[in-house]
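One file, work-v9.cif, carrying mmCIF, C-alpha atoms:
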data_model
#
loop_
_atom_site.label_atom_id
_atom_site.label_comp_id
_atom_site.auth_asym_id
_atom_site.auth_seq_id
_atom_site.Cartn_x
_atom_site.Cartn_y
_atom_site.Cartn_z
CA MET A 64 111.55 126.17 130.18
CA LYS A 65 114.56 123.89 130.36
CA LYS A 66 113.73 121.02 132.66
CA ILE A 67 115.08 117.59 131.92
CA VAL A 68 116.00 114.44 133.69
CA ALA A 69 119.41 113.87 132.35
CA LEU A 70 119.65 110.90 134.70
CA PHE A 71 117.73 108.65 132.31
CA PHE A 72 116.94 110.92 129.36
CA LEU A 73 119.89 109.97 127.21
CA VAL A 74 119.32 106.26 127.77
CA MET A 75 115.76 106.70 126.55
CA PHE A 76 116.72 108.97 123.69
CA VAL A 77 118.94 106.42 122.07
CA SER A 78 116.80 103.44 122.90
CA ASN A 79 114.71 102.19 120.06
CA THR A 80 111.30 101.03 119.10
CA PHE A 81 110.32 101.95 115.54
CA GLY A 82 113.66 102.56 113.90
CA SER A 83 117.18 101.84 115.00
CA GLY A 84 118.43 104.32 117.55
CA PHE A 85 115.00 105.72 118.44
CA GLN A 86 114.46 106.90 114.89
CA ILE A 87 111.13 107.47 113.27
CA ASN A 88 111.60 106.65 109.59
CA GLU A 89 108.00 107.18 108.42
CA HIS A 90 107.89 110.72 107.02
CA GLY A 91 105.40 110.48 104.17
CA ALA A 92 102.67 107.99 103.33
CA ARG A 93 103.79 107.39 99.75
CA ALA A 94 107.34 106.44 100.79
CA MET A 95 105.97 104.48 103.75
CA GLY A 96 103.83 102.38 101.40
CA MET A 97 107.06 101.37 99.64
CA ALA A 98 108.81 100.47 102.93
CA GLY A 99 110.73 103.75 102.76
CA ALA A 100 112.59 102.75 99.59
CA PHE A 101 112.43 106.30 98.26
CA THR A 102 115.97 107.73 98.12
CA GLY A 103 116.41 106.74 94.49
CA LEU A 104 112.89 107.83 93.47
CA ALA A 105 112.33 111.06 95.44
CA ASN A 106 109.58 112.43 93.20
CA ASP A 107 107.05 113.82 95.66
CA PRO A 108 107.42 116.63 98.25
CA SER A 109 108.68 114.23 100.96
CA ALA A 110 111.92 114.20 98.96
CA VAL A 111 112.79 117.26 101.08
CA TYR A 112 113.54 114.70 103.81
CA PHE A 113 114.46 111.50 101.94
CA ASN A 114 116.59 113.03 99.17
CA PRO A 115 116.28 116.80 98.63
CA ALA A 116 118.21 116.60 95.35
CA GLY A 117 115.16 114.84 93.92
CA ILE A 118 112.91 117.93 94.21
CA VAL A 119 114.24 119.03 90.79
CA GLN A 120 111.62 116.62 89.41
CA LEU A 121 108.78 118.72 90.89
CA ARG A 122 107.98 121.53 88.47
CA GLY A 123 105.95 124.43 89.83
CA THR A 124 104.75 124.52 93.46
CA HIS A 125 103.98 121.50 95.62
CA PHE A 126 102.69 120.92 99.15
CA SER A 127 102.24 117.80 101.25
CA ILE A 128 100.92 117.48 104.80
CA GLY A 129 100.27 114.37 106.84
CA SER A 130 100.82 112.28 109.93
CA THR A 131 101.67 108.74 110.99
CA PHE A 132 99.62 107.03 113.68
CA ILE A 133 101.89 104.68 115.64
CA MET A 134 100.43 102.06 118.00
CA PRO A 135 103.14 100.07 119.80
CA SER A 136 102.87 97.11 122.11
CA SER A 137 105.56 95.48 124.22
CA GLN A 138 105.85 92.80 126.87
CA ILE A 139 108.70 91.88 129.18
CA THR A 140 108.75 88.49 130.91
CA GLY A 141 111.12 88.49 133.88
CA PRO A 142 113.46 89.32 135.40
CA THR A 143 114.76 85.76 135.29
CA PRO A 144 114.02 83.45 137.08
CA LEU A 145 110.66 85.18 137.60
CA THR A 146 108.00 84.69 134.91
CA THR A 147 106.21 87.96 135.65
CA GLU A 148 104.66 89.48 132.51
CA SER A 149 104.70 93.28 132.27
CA LYS A 150 102.94 95.06 129.40
CA LEU A 151 103.03 98.60 128.05
CA LYS A 152 99.94 100.73 128.48
CA SER A 153 98.14 101.38 125.19
CA ALA A 154 99.24 104.57 123.44
CA VAL A 155 99.03 106.27 120.06
CA PHE A 156 101.81 108.55 118.81
CA THR A 157 101.25 110.96 115.92
CA PRO A 158 104.45 112.31 114.35
CA ILE A 159 103.62 114.88 111.67
CA ASN A 160 105.16 115.92 108.38
CA PHE A 161 104.83 118.98 106.14
CA TYR A 162 106.71 119.67 102.92
CA PHE A 163 106.84 122.53 100.42
CA THR A 164 108.82 122.75 97.17
CA GLN A 165 109.14 125.59 94.67
CA GLU A 166 110.72 125.81 91.23
CA ILE A 167 112.71 129.06 91.03
CA THR A 168 114.24 128.50 87.59
CA PRO A 169 114.35 125.37 85.39
CA ASP A 170 117.56 124.43 87.22
CA LEU A 171 117.08 125.87 90.72
CA PHE A 172 114.61 124.56 93.30
CA VAL A 173 113.99 125.23 97.01
CA GLY A 174 112.09 123.30 99.63
CA PHE A 175 111.13 123.30 103.29
CA GLY A 176 110.17 120.43 105.58
CA VAL A 177 108.93 119.86 109.10
CA ASN A 178 108.84 116.38 110.65
CA ASN A 179 109.66 114.33 113.76
CA PRO A 180 112.77 112.20 113.10
CA TRP A 181 113.13 111.10 116.75
CA GLY A 182 110.39 110.37 119.23
CA LEU A 183 107.73 108.17 120.80
CA GLY A 184 107.79 106.68 124.29
CA THR A 185 106.49 104.14 126.80
CA THR A 186 104.20 104.07 129.84
CA TRP A 187 104.26 101.15 132.27
CA GLU A 188 102.09 100.48 135.32
CA ASP A 189 103.11 102.49 138.38
CA ASP A 190 103.98 99.39 140.42
CA TRP A 191 105.49 97.18 137.71
CA VAL A 192 108.68 95.24 138.38
CA GLY A 193 110.85 97.76 136.52
CA LYS A 194 109.39 100.88 138.13
CA TYR A 195 112.86 101.98 139.25
CA MET A 196 114.07 101.91 135.64
CA ALA A 197 111.13 103.58 133.86
CA VAL A 198 107.45 104.35 134.34
CA GLU A 199 106.73 107.07 131.78
CA THR A 200 109.00 108.11 128.93
CA GLU A 201 108.06 110.42 126.06
CA ILE A 202 110.11 112.51 123.69
CA ARG A 203 109.24 114.69 120.71
CA THR A 204 111.74 116.11 118.25
CA PHE A 205 110.73 118.61 115.59
CA ASN A 206 113.01 119.03 112.59
CA PHE A 207 112.77 122.24 110.54
CA SER A 208 114.73 121.90 107.31
CA PRO A 209 115.15 124.40 104.46
CA VAL A 210 116.88 122.91 101.39
CA ILE A 211 118.13 124.09 98.01
CA ALA A 212 118.65 121.87 94.97
CA TYR A 213 120.36 122.59 91.65
CA LYS A 214 120.55 120.67 88.37
CA LEU A 215 124.25 120.36 87.59
CA THR A 216 123.45 118.59 84.32
CA ASN A 217 120.31 117.18 82.76
CA GLU A 218 120.99 113.94 84.63
CA LEU A 219 122.65 115.00 87.88
CA SER A 220 121.36 117.27 90.64
CA ALA A 221 122.73 118.16 94.07
CA ALA A 222 121.19 119.60 97.23
CA VAL A 223 122.19 120.94 100.61
CA GLY A 224 120.06 121.82 103.61
CA PHE A 225 120.08 123.00 107.20
CA ASN A 226 118.40 121.22 110.11
CA VAL A 227 117.09 122.89 113.25
CA PHE A 228 115.96 120.43 115.93
CA TYR A 229 113.66 121.29 118.81
CA SER A 230 113.01 118.50 121.31
CA ASP A 231 111.08 118.18 124.54
CA VAL A 232 110.85 115.28 126.94
CA ILE A 233 108.88 113.89 129.85
CA ILE A 234 110.35 111.11 131.99
CA ALA A 235 109.06 109.71 135.27
CA ARG A 236 110.18 106.76 137.39
CA ASN A 237 110.45 105.64 140.99
CA ILE A 238 113.54 105.89 143.16
CA GLU A 239 114.20 103.06 145.59
CA VAL A 240 115.06 104.92 148.79
CA ILE A 241 116.99 102.79 151.29
CA VAL A 242 118.86 103.46 154.53
CA PRO A 243 121.19 101.34 156.69
CA THR A 244 119.48 99.44 159.50
CA GLY A 245 122.49 99.51 161.73
CA VAL A 246 122.54 95.73 162.02
CA ALA A 247 124.51 93.10 160.15
CA ASN A 248 121.54 91.19 158.75
CA PRO A 249 119.82 92.58 156.81
CA PRO A 250 122.32 95.35 156.07
CA ILE A 251 119.69 97.70 154.55
CA ALA A 252 116.00 98.46 154.84
CA LYS A 253 113.71 99.78 152.14
CA ILE A 254 111.32 102.63 152.89
CA ASN A 255 108.72 104.53 150.84
CA ASP A 256 109.67 105.12 147.22
CA ALA A 257 110.44 108.59 145.99
CA LYS A 258 109.30 109.67 142.52
CA ILE A 259 111.26 111.63 139.97
CA ARG A 260 109.65 113.48 137.07
CA MET A 261 111.52 115.31 134.38
CA GLU A 262 110.34 117.71 131.69
CA GLY A 263 112.63 119.60 129.35
CA ASP A 264 113.47 120.97 125.93
CA LYS A 265 116.50 121.82 123.83
CA LEU A 266 117.63 123.11 120.40
CA GLY A 267 120.20 121.42 118.16
CA TYR A 268 121.58 122.02 114.67
CA GLY A 269 122.78 119.91 111.77
CA PHE A 270 122.96 119.76 107.98
CA ASN A 271 122.11 117.47 105.10
CA ALA A 272 123.38 116.92 101.56
CA ALA A 273 122.18 114.77 98.67
CA LEU A 274 122.66 113.70 95.06
CA PHE A 275 120.13 112.49 92.51
CA PHE A 276 121.14 110.87 89.22
CA GLN A 277 118.77 110.01 86.37
CA ALA A 278 120.97 107.37 84.74
CA THR A 279 118.43 106.46 82.03
CA LYS A 280 114.79 107.13 81.36
CA CYS A 281 114.02 104.07 83.49
CA LEU A 282 116.78 104.01 86.12
CA SER A 283 117.44 106.60 88.81
CA MET A 284 119.55 106.58 91.95
CA GLY A 285 120.07 108.75 94.97
CA LEU A 286 122.44 109.32 97.86
CA SER A 287 121.66 111.37 100.97
CA PHE A 288 123.58 112.29 104.10
CA LYS A 289 122.23 113.66 107.39
CA SER A 290 124.83 114.91 109.85
CA ASN A 291 125.08 114.06 113.50
CA VAL A 292 123.76 116.64 115.94
CA LYS A 293 125.70 117.61 119.06
CA LEU A 294 123.46 118.57 121.96
CA GLU A 295 124.30 119.85 125.43
CA TYR A 296 121.19 119.43 127.52
CA GLU A 297 120.61 121.70 130.49
CA GLY A 298 117.84 121.42 133.01
CA THR A 299 116.84 120.22 136.45
CA ALA A 300 115.85 116.96 138.12
CA GLU A 301 112.96 117.17 140.60
CA VAL A 302 112.34 114.55 143.28
CA THR A 303 109.12 113.99 145.27
CA PRO A 304 109.93 111.88 148.36
CA GLY A 305 107.58 109.36 149.92
CA ALA A 306 105.58 110.38 152.98
CA ASN A 307 107.94 108.71 155.45
CA THR A 308 111.26 109.38 153.77
CA PRO A 309 113.78 110.87 156.22
CA PRO A 310 115.06 114.31 155.12
CA ALA A 311 118.63 113.10 155.55
CA VAL A 312 118.03 110.42 152.91
CA VAL A 313 116.31 112.84 150.51
CA ALA A 314 119.34 115.09 150.78
CA GLN A 315 121.49 112.29 149.39
CA LEU A 316 119.59 112.16 146.07
CA PRO A 317 121.28 114.09 143.25
CA LYS A 318 118.96 116.79 141.95
CA GLY A 319 118.90 120.37 140.76
CA ALA A 320 120.75 121.73 137.72
CA ILE A 321 122.04 119.14 135.24
CA THR A 322 124.04 119.10 132.03
CA ALA A 323 124.27 116.10 129.70
CA PRO A 324 125.91 115.92 126.25
CA LEU A 325 124.55 113.78 123.43
CA ASN A 326 125.94 113.16 119.94
CA THR A 327 123.22 111.77 117.67
CA PRO A 328 124.29 109.53 114.79
CA MET A 329 124.84 110.47 111.20
CA VAL A 330 122.56 108.77 108.65
CA VAL A 331 123.55 107.77 105.12
CA GLN A 332 121.04 106.42 102.58
CA PHE A 333 121.52 105.03 99.07
CA GLY A 334 118.69 104.03 96.78
CA LEU A 335 117.86 102.75 93.30
CA ALA A 336 114.56 102.94 91.42
CA HIS A 337 113.59 101.37 88.11
CA LYS A 338 110.46 102.38 86.21
CA PHE A 339 108.70 100.15 83.71
CA PHE A 340 106.62 101.68 80.94
CA ASN A 341 103.61 100.43 78.98
CA SER A 342 103.01 100.77 75.26
CA CYS A 343 101.56 104.25 75.78
CA ASN A 344 104.90 105.37 77.22
CA GLU A 345 103.42 105.93 80.67
CA ASN A 346 105.04 104.72 83.87
CA PHE A 347 102.91 101.93 85.36
CA LEU A 348 105.33 99.97 87.59
CA THR A 349 108.26 101.09 89.74
CA LEU A 350 110.61 98.89 91.77
CA ALA A 351 112.90 100.48 94.36
CA ALA A 352 115.56 99.43 96.86
CA ASP A 353 117.26 101.37 99.66
CA PHE A 354 120.07 100.81 102.12
CA GLN A 355 120.37 103.01 105.22
CA TYR A 356 123.39 103.21 107.52
CA ASN A 357 123.06 104.65 111.03
CA GLY A 358 126.28 105.69 112.80
CA TRP A 359 125.25 104.79 116.34
CA SER A 360 128.83 104.18 117.49
CA SER A 361 128.87 107.91 118.28
CA TYR A 362 126.94 107.03 121.46
CA ASP A 363 129.59 105.44 123.64
CA LYS A 364 128.61 106.65 127.11
CA LEU A 365 125.97 108.39 129.17
CA GLU A 366 127.48 111.16 131.27
CA ILE A 367 125.48 113.51 133.47
CA THR A 368 126.90 116.30 135.58
CA PHE A 369 124.92 117.53 138.59
CA SER A 370 126.40 121.01 138.85
CA GLU A 371 124.61 121.91 142.11
CA PHE A 372 125.05 118.56 143.87
CA LEU A 373 128.57 118.43 145.23
CA VAL A 374 130.57 115.41 146.36
CA ALA A 375 133.84 116.24 148.08
CA GLY A 376 133.39 119.78 146.83
CA GLN A 377 133.03 118.74 143.17
CA PRO A 378 129.91 118.40 140.98
CA TYR A 379 128.67 114.81 141.00
CA VAL A 380 129.16 113.09 137.62
CA SER A 381 127.27 109.92 136.71
CA THR A 382 128.85 107.94 133.86
CA SER A 383 127.54 104.77 132.24
CA THR A 384 129.11 102.93 129.31
CA ARG A 385 126.68 102.42 126.40
CA ASP A 386 128.91 101.37 123.43
CA TYR A 387 126.15 101.23 120.84
CA LYS A 388 127.02 99.67 117.51
CA ASN A 389 126.30 101.00 114.03
CA SER A 390 123.11 99.66 112.48
CA TRP A 391 121.52 99.36 109.05
CA ILE A 392 118.14 99.07 107.34
CA ALA A 393 117.45 97.33 104.01
CA ARG A 394 114.27 98.15 102.07
CA LEU A 395 112.45 96.89 98.97
CA GLY A 396 109.38 98.63 97.56
CA ALA A 397 107.04 98.56 94.56
CA GLU A 398 104.48 100.97 93.12
CA TYR A 399 101.86 99.98 90.52
CA MET A 400 99.61 102.44 88.69
CA ALA A 401 96.35 100.49 88.56
CA SER A 402 94.48 103.31 86.79
CA GLU A 403 94.62 107.04 86.27
CA MET A 404 93.02 107.46 89.70
CA PHE A 405 94.54 104.67 91.80
CA THR A 406 98.12 103.63 92.59
CA VAL A 407 98.92 100.72 94.89
CA ARG A 408 102.17 100.02 96.74
CA GLY A 409 103.91 97.42 98.84
CA GLY A 410 107.26 96.75 100.45
CA LEU A 411 109.44 94.95 102.96
CA LEU A 412 112.11 96.24 105.31
CA TYR A 413 114.59 94.70 107.73
CA ASP A 414 115.93 96.96 110.47
CA THR A 415 118.83 95.99 112.75
CA ASN A 416 119.14 97.43 116.24
CA PRO A 417 122.22 99.06 117.81
CA VAL A 418 121.74 97.88 121.39
CA SER A 419 123.61 94.91 122.86
CA ASP A 420 121.88 92.42 125.17
CA GLU A 421 123.76 93.93 128.09
CA LYS A 422 122.19 97.36 127.55
CA VAL A 423 118.54 96.61 126.64
CA ASP A 424 116.22 98.50 129.01
CA PRO A 425 112.46 99.15 129.32
CA THR A 426 112.45 102.80 128.25
CA LEU A 427 111.82 101.32 124.79
CA PRO A 428 112.68 97.61 124.42
CA ASP A 429 114.73 97.00 121.30
CA ALA A 430 115.27 94.17 118.81
CA ASP A 431 115.83 93.58 115.11
CA ARG A 432 112.56 93.96 113.23
CA LEU A 433 110.83 93.03 109.98
CA GLY A 434 108.31 95.40 108.42
CA ILE A 435 105.50 94.64 105.95
CA ASN A 436 104.15 97.69 104.12
CA LEU A 437 101.06 98.41 102.02
CA GLY A 438 99.98 101.67 100.38
CA LEU A 439 97.36 103.32 98.18
CA SER A 440 96.99 106.69 96.43
CA TYR A 441 93.87 108.32 95.02
CA GLN A 442 93.96 111.25 92.59
CA ILE A 443 91.03 113.38 93.79
CA THR A 444 91.50 116.17 91.22
CA ASP A 445 94.22 117.16 88.77
CA ASN A 446 95.96 119.03 91.60
CA LEU A 447 94.94 117.15 94.75
CA SER A 448 95.78 113.60 95.81
CA VAL A 449 95.75 111.55 99.00
CA ASP A 450 98.19 108.82 100.09
CA PHE A 451 97.48 106.07 102.61
CA ALA A 452 99.96 103.54 104.03
CA TYR A 453 100.04 100.73 106.58
CA LEU A 454 103.09 99.16 108.22
CA TYR A 455 103.22 96.18 110.55
CA LEU A 456 106.49 95.90 112.47
CA MET A 457 107.38 92.50 113.86
CA PHE A 458 110.15 92.67 116.46
CA MET A 459 112.23 89.55 116.79
CA GLU A 460 111.66 87.90 120.15
CA ARG A 461 114.70 88.63 122.28
CA THR A 462 115.84 86.63 125.28
CA VAL A 463 118.49 88.37 127.37
CA THR A 464 120.74 86.40 129.74
CA THR A 465 123.70 88.79 130.11
CA SER A 466 122.01 92.05 131.13
CA LYS A 467 124.00 94.71 132.97
CA GLU A 468 120.90 96.86 133.61
CA ARG A 469 119.85 96.54 137.24
CA VAL A 470 116.14 96.25 137.96
CA TYR A 471 116.73 97.82 141.38
CA PRO A 472 119.41 100.38 140.47
CA ASN A 473 119.54 102.61 143.57
CA GLN A 474 122.64 104.13 142.02
CA TYR A 475 122.80 106.85 144.66
CA HIS A 476 123.68 104.27 147.35
CA ALA A 477 125.94 101.87 145.49
CA SER A 478 127.65 100.78 148.70
CA LEU A 479 124.32 99.42 149.99
CA TYR A 480 123.63 97.02 147.09
CA PRO A 481 122.75 93.47 148.11
CA ASN A 482 125.27 90.79 147.27
CA ASP A 483 123.13 89.44 144.44
CA PRO A 484 121.65 92.39 142.44
CA VAL A 485 118.79 91.67 140.05
CA TYR A 486 119.43 92.37 136.36
CA LEU A 487 116.94 92.77 133.53
CA ASN A 488 117.34 89.28 132.11
CA GLY A 489 114.21 87.91 130.48
CA THR A 490 112.26 87.78 127.24
CA PHE A 491 111.23 90.87 125.26
CA LYS A 492 108.33 90.79 122.76
CA SER A 493 107.24 93.86 120.81
CA SER A 494 105.26 94.84 117.73
CA ALA A 495 103.71 97.97 116.24
CA HIS A 496 100.97 99.01 113.84
CA LEU A 497 101.57 102.22 111.86
CA ILE A 498 99.10 104.07 109.63
CA GLY A 499 100.23 106.96 107.42
CA LEU A 500 98.06 109.60 105.72
CA ASN A 501 99.14 112.48 103.47
CA PHE A 502 97.35 115.06 101.34
CA ASN A 503 99.28 116.49 98.39
CA TYR A 504 98.61 119.59 96.29
CA GLY A 505 100.50 120.79 93.24
CA LEU A 506 100.31 123.84 90.99
#

Using structure tokens, write down the structure from this file.
Amino acid sequence: MKKIVALFFLVMFVSNTFGSGFQINEHGARAMGMAGAFTGLANDPSAVYFNPAGIVQLRGTHFSIGSTFIMPSSQITGPTPLTTESKLKSAVFTPINFYFTQEITPDLFVGFGVNNPWGLGTTWEDDWVGKYMAVETEIRTFNFSPVIAYKLTNELSAAVGFNVFYSDVIIARNIEVIVPTGVANPPIAKINDAKIRMEGDKLGYGFNAALFFQATKCLSMGLSFKSNVKLEYEGTAEVTPGANTPPAVVAQLPKGAITAPLNTPMVVQFGLAHKFFNSCNENFLTLAADFQYNGWSSYDKLEITFSEFLVAGQPYVSTSTRDYKNSWIARLGAEYMASEMFTVRGGLLYDTNPVSDEKVDPTLPDADRLGINLGLSYQITDNLSVDFAYLYLMFMERTVTTSKERVYPNQYHASLYPNDPVYLNGTFKSSAHLIGLNFNYGL
């Protein structure tokens, strides 16, 4: 059940493609249509995730279920001075979301949510230039979150919740197997590649807390906090050697039981929303803004212990400095009630990345990104509605000249490195199309 490649799993887990730090921030089509500027509004069931204190606005019983279809693309040109272009294979990822809220008393509300706050992956060609860094990477994380919210006053409500994370992962890459030639020049000789494939799963736990304040009839604001999650992965690394790989060389590859700690970042969000009313005293326009802070400095190193692979009688420990920096996301969104049946939305977001040039790698190439969002709702019946959203993410082109990520890592035989190792310097270009769909039902 617990198989994982700790060797590269943590690097992938905190790499990034659709939200800083490998986050998925699209957890409801209505919020997505407003660029995620929903912390200060929080008036549909997805508030269970964005700001659970806001569920006090949902009288009765409410359900929402949906998914986001994510279609990424990425290209790496390099490593410098080569101009080789390597492209991701086409893929579609489908993180899901489900929310339920229930009014217990006029002041007490409960909710439950399921979504995928971390995930996605990459698949490169088997023989691409970075095959020793990554070939296939995929992770799914399911978050199960019960919450409770209480109206402290007519204007102020508070909420707390518990998060249970279940994650599984698949990672595959090549291993450059080399042996000494016994001569001075060249000092090493490459033989058939070995392949490593890792599959695993793990549970983790955290909590969340939130406030919602209805300052005036028009103005509301919200604050939410999601704790970090400490994980201690356990599993095994499995290696398939090439046909002509000497057994003595295979024996030098760390494998077997592995442990690897990971401390995911805390997330803090603050939002404002202002509603405008027409002469009939009905809300017809809402403007919202959000700021999100991601505490990625908690990820300072990658450390894997191979408990069954001994060096000088001690378990082999592989340590790599990561030193990620904290990141932030700014969002602006708008919602316009065009008629009793249709509501349209739009928004912009700017998302900074936590990865320095030295640490960018192909598990999921990272860069600051700009998002353009559009959305639409249709009221099918008095109780049933559907939300649709589209997001185009434009990653800033990133040229790396100071990489410390080796294209030919061969970390098991560090003493055999050539004098001039090749690093992942080059140009990174990425983008993504995201489509969100949710069905909502209220009683």

- Item | Residues matched by the PyMOL selection byres ((chain A and resi 335) around 7) as a count of residues only | 10

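Atom pair atom CA of Tyr399 of chain A / atom CA of Asn501 of chain A: separated by 18.2 Å.
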
- Query: Looking at only C-alpha atoms, which of A:Ile241, A:Leu282, A:Val312, A:Leu506 is the one that sits closest to Thr164 of chain A?
  - Reply: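 With only C-alpha atoms as the atom set, the closest residue is A:Leu506.
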
- Item | Expected selection from the PyMOL selection byres ((chain A and resi 471) around 8), given as a ChimeraX atom specification | /A:193,195-196,239,469-470,472-473,484-486

Could the residues in this selection be saved with C-alpha atoms as a short mmCIF file (atom, residue, chain, number, x, y, z; two decimals), in the frame of the given file?
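Contents of out-v8.cif, as written:
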data_model
loop_
_atom_site.label_atom_id
_atom_site.label_comp_id
_atom_site.auth_asym_id
_atom_site.auth_seq_id
_atom_site.Cartn_x
_atom_site.Cartn_y
_atom_site.Cartn_z
CA GLY A 193 110.85 97.76 136.52
CA TYR A 195 112.86 101.98 139.25
CA MET A 196 114.07 101.91 135.64
CA GLU A 239 114.20 103.06 145.59
CA ARG A 469 119.85 96.54 137.24
CA VAL A 470 116.14 96.25 137.96
CA PRO A 472 119.41 100.38 140.47
CA ASN A 473 119.54 102.61 143.57
CA PRO A 484 121.65 92.39 142.44
CA VAL A 485 118.79 91.67 140.05
CA TYR A 486 119.43 92.37 136.36
#

- Task: Give as a list in words the set of residues within 6 Å of the point (121.0, 107.9, 102.9), where distances use the file's coordinates and only C-alpha atoms.
- Result: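 Checking each residue against the 6 Å limit leaves Leu286, Ser287, Phe288, Val331, Gln332, Phe333 and Gln355 of chain A.
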
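The nearest approach to Leu104 of chain A among the residues A:Val210, A:Ile367, A:Ala278, A:Ala272, with only C-alpha atoms taken into account, belongs to A:Ala278.
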
- Who sits within 12 Å of segment 122-124 of chain A, all atoms listed in the file, same chain under 4 positions skipped, as a list in words: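 What passes the distance filter is Asn106, Asp107, Pro108, Gly117, Ile118, Tyr162, Phe163, Thr164, Gln165, Glu166, Ile167, Thr168, Pro169, Asp170, Leu171, Phe172, Val173, Gly174, Phe175, Asn446, Asn503, Tyr504, Gly505 and Leu506 of chain A.
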